[in-house]
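Data block for protein11.cif (mmCIF, C-alpha atoms):
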data_structure
loop_
_atom_site.label_atom_id
_atom_site.label_comp_id
_atom_site.auth_asym_id
_atom_site.auth_seq_id
_atom_site.Cartn_x
_atom_site.Cartn_y
_atom_site.Cartn_z
CA MET A 1402 -130.30 61.72 82.27
CA VAL A 1403 -130.07 58.98 84.89
CA LYS A 1404 -132.67 60.72 87.06
CA ALA A 1405 -135.02 60.98 84.08
CA ARG A 1406 -134.68 57.26 83.30
CA VAL A 1407 -135.24 56.32 86.93
CA LEU A 1408 -138.28 58.62 87.04
CA ILE A 1409 -139.67 57.09 83.83
CA GLY A 1410 -139.03 53.64 85.25
CA THR A 1411 -140.80 54.52 88.49
CA VAL A 1412 -143.81 55.90 86.62
CA LEU A 1413 -143.88 52.81 84.40
CA LEU A 1414 -143.70 50.59 87.45
CA ALA A 1415 -146.56 52.44 89.14
CA LEU A 1416 -148.77 52.22 86.04
CA THR A 1417 -148.03 48.53 85.64
CA LEU A 1418 -148.81 47.80 89.27
CA VAL A 1419 -152.10 49.66 89.05
CA THR A 1420 -152.90 47.74 85.86
CA PHE A 1421 -152.30 44.30 87.28
CA THR A 1422 -153.74 45.06 90.71
CA SER A 1423 -156.97 46.25 89.08
CA ALA A 1424 -157.06 43.37 86.62
CA TYR A 1425 -156.30 40.83 89.35
CA SER A 1426 -159.11 42.14 91.54
CA PHE A 1427 -161.41 42.16 88.52
CA ALA A 1428 -160.57 38.52 87.78
CA GLN A 1429 -161.23 37.58 91.40
CA GLN A 1430 -164.52 39.47 91.86
CA SER A 1431 -166.42 38.29 88.81
CA THR A 1432 -169.95 37.94 90.15
CA GLU A 1433 -173.22 36.37 89.09
CA ASP A 1434 -174.83 39.85 88.99
CA GLU A 1435 -172.38 41.14 86.40
CA GLU A 1436 -174.07 42.16 83.18
CA LEU A 1437 -173.24 39.86 80.30
CA CYS A 1438 -171.66 41.26 77.18
CA PHE A 1439 -171.02 39.86 73.74
CA LYS A 1440 -167.94 40.60 71.64
CA SER A 1441 -167.61 44.34 71.05
CA GLU A 1442 -170.19 45.19 73.75
CA CYS A 1443 -167.60 44.29 76.39
CA TRP A 1444 -165.26 46.94 75.05
CA GLN A 1445 -167.71 49.84 74.90
CA GLU A 1446 -168.01 50.91 78.49
CA GLU A 1447 -168.19 54.64 79.01
CA GLY A 1448 -164.74 54.93 80.58
CA LEU A 1449 -163.04 52.84 77.93
CA THR A 1450 -164.73 54.71 75.09
CA ARG A 1451 -163.87 58.09 76.60
CA LEU A 1452 -160.23 57.17 77.13
CA ALA A 1453 -159.89 55.53 73.71
CA THR A 1454 -161.18 58.65 71.95
CA ALA A 1455 -158.59 60.62 73.90
CA GLY A 1456 -155.92 58.28 72.51
CA CYS A 1457 -155.27 56.77 75.92
CA PRO A 1458 -156.45 53.16 76.22
CA THR A 1459 -154.71 51.63 79.22
CA PRO A 1460 -153.57 48.05 79.79
CA THR A 1461 -156.00 47.85 82.72
CA LEU A 1462 -158.98 48.58 80.51
CA PHE A 1463 -157.76 46.06 77.93
CA ILE A 1464 -157.31 43.34 80.54
CA GLN A 1465 -160.64 44.05 82.24
CA SER A 1466 -162.53 44.09 78.93
CA ALA A 1467 -160.88 40.85 77.78
CA LEU A 1468 -161.69 39.05 81.04
CA ARG A 1469 -165.23 40.42 81.05
CA GLU A 1470 -165.85 39.17 77.51
CA LEU A 1471 -164.45 35.69 78.19
CA ASN A 1472 -166.31 35.33 81.49
CA SER A 1473 -169.55 36.49 79.81
CA TYR A 1474 -169.36 33.65 77.29
CA VAL A 1475 -169.16 31.12 80.08
CA LYS A 1476 -171.87 32.69 82.25
CA GLY A 1477 -174.20 33.43 79.35
CA ALA A 1478 -173.72 30.20 77.42
CA LYS A 1479 -177.48 29.66 77.03
CA LYS A 1480 -178.14 33.27 76.10
CA PHE A 1481 -175.45 33.08 73.42
CA GLY A 1482 -176.64 29.68 72.18
CA LEU A 1483 -173.40 27.83 72.90
CA SER A 1484 -173.32 24.05 72.72
CA PRO A 1485 -171.88 22.06 75.65
CA GLU A 1486 -168.68 21.51 73.62
CA GLN A 1487 -168.37 25.24 72.94
CA VAL A 1488 -168.94 26.04 76.61
CA LYS A 1489 -166.16 23.60 77.55
CA GLU A 1490 -163.75 25.17 75.03
CA VAL A 1491 -164.59 28.74 76.03
CA SER A 1492 -164.38 27.84 79.74
CA LYS A 1493 -160.89 26.48 79.19
CA ILE A 1494 -159.87 29.70 77.41
CA ALA A 1495 -161.41 31.89 80.14
CA ASP A 1496 -159.66 29.88 82.86
CA HIS A 1497 -156.38 30.27 81.00
CA ALA A 1498 -156.85 34.03 80.69
CA ASN A 1499 -157.70 34.43 84.38
CA MET A 1500 -154.70 32.28 85.34
CA ILE A 1501 -152.38 34.37 83.16
CA VAL A 1502 -153.54 37.60 84.79
CA VAL A 1503 -153.10 36.18 88.31
CA LYS A 1504 -149.70 34.66 87.44
CA SER A 1505 -148.47 37.91 85.86
CA GLY A 1506 -149.63 39.86 88.90
CA GLY A 1507 -147.63 37.55 91.15
CA GLN A 1508 -144.54 37.89 88.98
CA LEU A 1509 -144.85 41.65 88.99
CA GLU A 1510 -145.08 41.73 92.76
CA GLY A 1511 -141.70 39.98 92.96
CA VAL A 1512 -140.09 42.28 90.40
CA THR A 1513 -141.60 45.29 92.14
CA GLU A 1514 -140.05 44.25 95.44
CA LEU A 1515 -136.63 44.00 93.79
CA PHE A 1516 -137.16 47.36 92.09
CA VAL A 1517 -138.10 49.07 95.36
CA GLN A 1518 -135.14 47.51 97.17
CA GLU A 1519 -132.80 48.79 94.49
CA MET A 1520 -134.38 52.26 94.53
CA MET A 1521 -133.90 52.47 98.30
CA LYS A 1522 -130.13 52.20 97.92
CA PRO A 1523 -128.22 55.48 98.09
CA ILE A 1524 -126.76 54.70 94.66
CA PRO A 1525 -128.98 52.28 92.74
CA ASP A 1526 -127.41 50.00 90.17
CA LYS A 1527 -128.45 51.55 86.85
CA GLN A 1528 -128.10 48.30 84.94
CA LYS A 1529 -130.19 46.37 87.46
CA LEU A 1530 -132.92 49.03 87.32
CA LYS A 1531 -132.88 48.91 83.54
CA GLU A 1532 -133.25 45.10 83.60
CA LEU A 1533 -136.11 45.25 86.13
CA ILE A 1534 -137.94 47.88 84.08
CA GLN A 1535 -137.52 45.72 80.98
CA GLU A 1536 -138.89 42.72 82.87
CA ILE A 1537 -141.92 44.75 83.94
CA GLU A 1538 -142.56 45.92 80.37
CA ASN A 1539 -142.18 42.42 78.95
CA SER A 1540 -144.51 40.89 81.52
CA CYS A 1541 -147.20 43.50 80.91
CA TRP A 1542 -147.14 43.29 77.12
CA ASP A 1543 -146.77 39.50 77.08
CA THR A 1544 -149.92 39.25 79.19
CA ILE A 1545 -151.82 41.53 76.85
CA ALA A 1546 -150.67 39.49 73.84
CA VAL A 1547 -151.85 36.24 75.46
CA LEU A 1548 -155.23 37.77 76.28
CA ALA A 1549 -155.60 39.05 72.72
CA ARG A 1550 -154.97 35.54 71.38
CA ASP A 1551 -157.44 34.09 73.89
CA ILE A 1552 -160.13 36.57 72.82
CA HIS A 1553 -159.53 35.69 69.18
CA LYS A 1554 -159.88 31.94 69.93
CA ALA A 1555 -163.05 32.44 71.98
CA ARG A 1556 -164.69 34.62 69.36
CA ALA A 1557 -163.95 32.00 66.70
CA ILE A 1558 -165.72 29.40 68.86
CA VAL A 1559 -168.68 31.63 69.69
CA SER A 1560 -169.11 32.60 66.04
CA LYS A 1561 -169.40 28.97 64.84
#

As a first step, turn the structure in this file into structure tokens.
Amino acid sequence: MVKARVLIGTVLLALTLVTFTSAYSFAQQSTEDEELCFKSECWQEEGLTRLATAGCPTPTLFIQSALRELNSYVKGAKKFGLSPEQVKEVSKIADHANMIVVKSGGQLEGVTELFVQEMMKPIPDKQKLKELIQEIENSCWDTIAVLARDIHKARAIVSK
């Protein structure tokens, strides 16, 4: 039972790290060449659609799609007919979202280090592992919740 929980925790940790590493690099590499998207278009990439129909949307795809949508509003302000005030509001929201992803990635790196150190012990502290796994879960889902709220705010502004 303990081995199963540790294994589940390790798998969860690996998935979370992949999620935030990918999202962090996505937030950092947003380029001028990137194709703009508007609302639901940002969420309909082939990979996302294929995984979603399989019942397997991942946090990475959610985070990448959210950042892509927010960044598109800023980059394509003229195309989307945004006023200077709307651009300022949406820019603030996009900056917040990017900051949250970077901040969460940094926090997860610290928790991951503690998790690995504990796992390297001959007899890991079960309670400490449980707490670290819970911290990883909370960080991941809290980030997704913040991004969902940011998307909702930005769409309300863009739809005015």

Could you list, as a ChimeraX atom specification, every residue within 12 Å of Leu1471 of chain A, counting only C-alpha atoms and ignoring same-chain residues fewer than 5 positions away? /A:1428,1431,1437-1444,1464-1466,1476-1478,1488,1490-1499,1548-1556,1558-1559

Between atom CA of Ser1540 of chain A and atom CA of Leu1462 of chain A, what is the distance, to one decimal in Å? 16.4 Å

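A straight line drawn from atom CA of Glu1532 of chain A to atom CA of Phe1463 of chain A is 25.2 Å long.
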
Measure the distance from atom CA of Ile1537 of chain A to atom CA of Leu1509 of chain A in Å and round it to one decimal.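 Atom CA of Leu1509 of chain A lies at a distance of 6.6 Å from atom CA of Ile1537 of chain A.
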
Which of these residues is nearest to Tyr1474 of chain A, using all atoms listed in the file: A:Met1500, A:Gly1511, A:Glu1436, A:Lys1527?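 Of A:Met1500, A:Gly1511, A:Glu1436, A:Lys1527, the one nearest Tyr1474 of chain A is A:Glu1436, counting all atoms listed in the file.
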
Pick from A:Gln1487, A:Gln1528, A:Thr1461, A:Asn1539, whichever lies nearest to Gln1508 of chain A using all atoms listed in the file: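 Distance minimum relative to Gln1508 of chain A lands on A:Asn1539.
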
Selection as a PDB file with C-alpha atoms, in the frame of the given file: residues within 12 Å of (-143.5, 39.0, 92.1), counting all atoms listed in the file:
ATOM      1  CA  LEU A1418    -148.810  47.800  89.270  1.00  0.00           C
ATOM      2  CA  PHE A1421    -152.300  44.300  87.280  1.00  0.00           C
ATOM      3  CA  THR A1422    -153.740  45.060  90.710  1.00  0.00           C
ATOM      4  CA  VAL A1503    -153.100  36.180  88.310  1.00  0.00           C
ATOM      5  CA  LYS A1504    -149.700  34.660  87.440  1.00  0.00           C
ATOM      6  CA  SER A1505    -148.470  37.910  85.860  1.00  0.00           C
ATOM      7  CA  GLY A1506    -149.630  39.860  88.900  1.00  0.00           C
ATOM      8  CA  GLY A1507    -147.630  37.550  91.150  1.00  0.00           C
ATOM      9  CA  GLN A1508    -144.540  37.890  88.980  1.00  0.00           C
ATOM     10  CA  LEU A1509    -144.850  41.650  88.990  1.00  0.00           C
ATOM     11  CA  GLU A1510    -145.080  41.730  92.760  1.00  0.00           C
ATOM     12  CA  GLY A1511    -141.700  39.980  92.960  1.00  0.00           C
ATOM     13  CA  VAL A1512    -140.090  42.280  90.400  1.00  0.00           C
ATOM     14  CA  THR A1513    -141.600  45.290  92.140  1.00  0.00           C
ATOM     15  CA  GLU A1514    -140.050  44.250  95.440  1.00  0.00           C
ATOM     16  CA  LEU A1515    -136.630  44.000  93.790  1.00  0.00           C
ATOM     17  CA  PHE A1516    -137.160  47.360  92.090  1.00  0.00           C
ATOM     18  CA  VAL A1517    -138.100  49.070  95.360  1.00  0.00           C
ATOM     19  CA  LEU A1533    -136.110  45.250  86.130  1.00  0.00           C
ATOM     20  CA  GLU A1536    -138.890  42.720  82.870  1.00  0.00           C
ATOM     21  CA  ILE A1537    -141.920  44.750  83.940  1.00  0.00           C
ATOM     22  CA  SER A1540    -144.510  40.890  81.520  1.00  0.00           C
TER      23      SER A1540
END

Near Glu1519 of chain A, counting all atoms listed in the file, which residues have an atom at most 8 Å away, once you skip same-chain residues fewer than 6 positions from it, shown as a PDB file with C-alpha atoms, in the coordinates of the input?
ATOM      1  CA  PRO A1525    -128.980  52.280  92.740  1.00  0.00           C
ATOM      2  CA  ASP A1526    -127.410  50.000  90.170  1.00  0.00           C
ATOM      3  CA  LYS A1529    -130.190  46.370  87.460  1.00  0.00           C
ATOM      4  CA  LEU A1530    -132.920  49.030  87.320  1.00  0.00           C
TER       5      LEU A1530
END

Can you give me N, CA and C atoms for segment 1517-1553 of chain A, written as a PDB file, in the frame of the given file?
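Result went into out-v9.pdb, see below:
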ATOM      1  N   VAL A1517    -138.047  48.177  94.188  1.00  0.00           N
ATOM      2  CA  VAL A1517    -138.100  49.070  95.360  1.00  0.00           C
ATOM      3  C   VAL A1517    -136.828  48.933  96.188  1.00  0.00           C
ATOM      4  N   GLN A1518    -136.380  47.707  96.403  1.00  0.00           N
ATOM      5  CA  GLN A1518    -135.140  47.510  97.170  1.00  0.00           C
ATOM      6  C   GLN A1518    -133.966  48.223  96.516  1.00  0.00           C
ATOM      7  N   GLU A1519    -133.907  48.128  95.200  1.00  0.00           N
ATOM      8  CA  GLU A1519    -132.800  48.790  94.490  1.00  0.00           C
ATOM      9  C   GLU A1519    -132.934  50.309  94.579  1.00  0.00           C
ATOM     10  N   MET A1520    -134.162  50.820  94.470  1.00  0.00           N
ATOM     11  CA  MET A1520    -134.380  52.260  94.530  1.00  0.00           C
ATOM     12  C   MET A1520    -134.076  52.826  95.916  1.00  0.00           C
ATOM     13  N   MET A1521    -134.159  52.001  96.948  1.00  0.00           N
ATOM     14  CA  MET A1521    -133.900  52.470  98.300  1.00  0.00           C
ATOM     15  C   MET A1521    -132.399  52.632  98.589  1.00  0.00           C
ATOM     16  N   LYS A1522    -131.579  52.075  97.729  1.00  0.00           N
ATOM     17  CA  LYS A1522    -130.130  52.200  97.920  1.00  0.00           C
ATOM     18  C   LYS A1522    -129.704  53.637  97.629  1.00  0.00           C
ATOM     19  N   PRO A1523    -128.695  54.115  98.355  1.00  0.00           N
ATOM     20  CA  PRO A1523    -128.220  55.480  98.090  1.00  0.00           C
ATOM     21  C   PRO A1523    -127.785  55.679  96.638  1.00  0.00           C
ATOM     22  N   ILE A1524    -127.164  54.646  96.074  1.00  0.00           N
ATOM     23  CA  ILE A1524    -126.760  54.700  94.660  1.00  0.00           C
ATOM     24  C   ILE A1524    -127.257  53.418  93.992  1.00  0.00           C
ATOM     25  N   PRO A1525    -128.437  53.480  93.384  1.00  0.00           N
ATOM     26  CA  PRO A1525    -128.980  52.280  92.740  1.00  0.00           C
ATOM     27  C   PRO A1525    -128.125  51.842  91.547  1.00  0.00           C
ATOM     28  N   ASP A1526    -128.118  50.570  91.307  1.00  0.00           N
ATOM     29  CA  ASP A1526    -127.410  50.000  90.170  1.00  0.00           C
ATOM     30  C   ASP A1526    -128.236  50.273  88.914  1.00  0.00           C
ATOM     31  N   LYS A1527    -127.710  51.136  88.042  1.00  0.00           N
ATOM     32  CA  LYS A1527    -128.450  51.550  86.850  1.00  0.00           C
ATOM     33  C   LYS A1527    -128.793  50.360  85.951  1.00  0.00           C
ATOM     34  N   GLN A1528    -127.867  49.450  85.813  1.00  0.00           N
ATOM     35  CA  GLN A1528    -128.100  48.300  84.940  1.00  0.00           C
ATOM     36  C   GLN A1528    -129.200  47.392  85.516  1.00  0.00           C
ATOM     37  N   LYS A1529    -129.165  47.198  86.830  1.00  0.00           N
ATOM     38  CA  LYS A1529    -130.190  46.370  87.460  1.00  0.00           C
ATOM     39  C   LYS A1529    -131.565  47.009  87.302  1.00  0.00           C
ATOM     40  N   LEU A1530    -131.646  48.328  87.499  1.00  0.00           N
ATOM     41  CA  LEU A1530    -132.920  49.030  87.320  1.00  0.00           C
ATOM     42  C   LEU A1530    -133.418  48.890  85.892  1.00  0.00           C
ATOM     43  N   LYS A1531    -132.515  49.030  84.944  1.00  0.00           N
ATOM     44  CA  LYS A1531    -132.880  48.910  83.540  1.00  0.00           C
ATOM     45  C   LYS A1531    -133.440  47.512  83.256  1.00  0.00           C
ATOM     46  N   GLU A1532    -132.796  46.486  83.799  1.00  0.00           N
ATOM     47  CA  GLU A1532    -133.250  45.100  83.600  1.00  0.00           C
ATOM     48  C   GLU A1532    -134.618  44.867  84.251  1.00  0.00           C
ATOM     49  N   LEU A1533    -134.819  45.414  85.441  1.00  0.00           N
ATOM     50  CA  LEU A1533    -136.110  45.250  86.130  1.00  0.00           C
ATOM     51  C   LEU A1533    -137.230  45.956  85.373  1.00  0.00           C
ATOM     52  N   ILE A1534    -136.949  47.146  84.873  1.00  0.00           N
ATOM     53  CA  ILE A1534    -137.940  47.880  84.080  1.00  0.00           C
ATOM     54  C   ILE A1534    -138.278  47.089  82.823  1.00  0.00           C
ATOM     55  N   GLN A1535    -137.280  46.524  82.185  1.00  0.00           N
ATOM     56  CA  GLN A1535    -137.520  45.720  80.980  1.00  0.00           C
ATOM     57  C   GLN A1535    -138.362  44.491  81.310  1.00  0.00           C
ATOM     58  N   GLU A1536    -138.102  43.883  82.450  1.00  0.00           N
ATOM     59  CA  GLU A1536    -138.890  42.720  82.870  1.00  0.00           C
ATOM     60  C   GLU A1536    -140.350  43.100  83.114  1.00  0.00           C
ATOM     61  N   ILE A1537    -140.557  44.258  83.706  1.00  0.00           N
ATOM     62  CA  ILE A1537    -141.920  44.750  83.940  1.00  0.00           C
ATOM     63  C   ILE A1537    -142.630  44.981  82.608  1.00  0.00           C
ATOM     64  N   GLU A1538    -141.964  45.665  81.685  1.00  0.00           N
ATOM     65  CA  GLU A1538    -142.560  45.920  80.370  1.00  0.00           C
ATOM     66  C   GLU A1538    -142.899  44.617  79.659  1.00  0.00           C
ATOM     67  N   ASN A1539    -141.958  43.691  79.645  1.00  0.00           N
ATOM     68  CA  ASN A1539    -142.180  42.420  78.950  1.00  0.00           C
ATOM     69  C   ASN A1539    -143.360  41.665  79.549  1.00  0.00           C
ATOM     70  N   SER A1540    -143.432  41.611  80.856  1.00  0.00           N
ATOM     71  CA  SER A1540    -144.510  40.890  81.520  1.00  0.00           C
ATOM     72  C   SER A1540    -145.860  41.495  81.171  1.00  0.00           C
ATOM     73  N   CYS A1541    -145.944  42.800  81.210  1.00  0.00           N
ATOM     74  CA  CYS A1541    -147.200  43.500  80.910  1.00  0.00           C
ATOM     75  C   CYS A1541    -147.634  43.219  79.476  1.00  0.00           C
ATOM     76  N   TRP A1542    -146.759  43.445  78.521  1.00  0.00           N
ATOM     77  CA  TRP A1542    -147.140  43.290  77.120  1.00  0.00           C
ATOM     78  C   TRP A1542    -147.311  41.835  76.721  1.00  0.00           C
ATOM     79  N   ASP A1543    -146.569  40.929  77.336  1.00  0.00           N
ATOM     80  CA  ASP A1543    -146.770  39.500  77.080  1.00  0.00           C
ATOM     81  C   ASP A1543    -148.159  39.068  77.532  1.00  0.00           C
ATOM     82  N   THR A1544    -148.586  39.574  78.670  1.00  0.00           N
ATOM     83  CA  THR A1544    -149.920  39.250  79.190  1.00  0.00           C
ATOM     84  C   THR A1544    -150.998  39.755  78.240  1.00  0.00           C
ATOM     85  N   ILE A1545    -150.847  40.964  77.775  1.00  0.00           N
ATOM     86  CA  ILE A1545    -151.820  41.530  76.850  1.00  0.00           C
ATOM     87  C   ILE A1545    -151.863  40.722  75.553  1.00  0.00           C
ATOM     88  N   ALA A1546    -150.702  40.297  75.063  1.00  0.00           N
ATOM     89  CA  ALA A1546    -150.670  39.490  73.840  1.00  0.00           C
ATOM     90  C   ALA A1546    -151.385  38.153  74.036  1.00  0.00           C
ATOM     91  N   VAL A1547    -151.170  37.513  75.175  1.00  0.00           N
ATOM     92  CA  VAL A1547    -151.850  36.240  75.460  1.00  0.00           C
ATOM     93  C   VAL A1547    -153.355  36.444  75.517  1.00  0.00           C
ATOM     94  N   LEU A1548    -153.792  37.493  76.186  1.00  0.00           N
ATOM     95  CA  LEU A1548    -155.230  37.770  76.280  1.00  0.00           C
ATOM     96  C   LEU A1548    -155.833  38.057  74.901  1.00  0.00           C
ATOM     97  N   ALA A1549    -155.107  38.768  74.065  1.00  0.00           N
ATOM     98  CA  ALA A1549    -155.600  39.050  72.720  1.00  0.00           C
ATOM     99  C   ALA A1549    -155.791  37.750  71.936  1.00  0.00           C
ATOM    100  N   ARG A1550    -154.835  36.838  72.048  1.00  0.00           N
ATOM    101  CA  ARG A1550    -154.970  35.540  71.380  1.00  0.00           C
ATOM    102  C   ARG A1550    -156.145  34.750  71.950  1.00  0.00           C
ATOM    103  N   ASP A1551    -156.324  34.801  73.263  1.00  0.00           N
ATOM    104  CA  ASP A1551    -157.440  34.090  73.890  1.00  0.00           C
ATOM    105  C   ASP A1551    -158.780  34.641  73.414  1.00  0.00           C
ATOM    106  N   ILE A1552    -158.903  35.951  73.318  1.00  0.00           N
ATOM    107  CA  ILE A1552    -160.130  36.570  72.820  1.00  0.00           C
ATOM    108  C   ILE A1552    -160.404  36.114  71.392  1.00  0.00           C
ATOM    109  N   HIS A1553    -159.379  36.112  70.578  1.00  0.00           N
ATOM    110  CA  HIS A1553    -159.530  35.690  69.180  1.00  0.00           C
ATOM    111  C   HIS A1553    -160.033  34.240  69.103  1.00  0.00           C
TER     112      HIS A1553
END
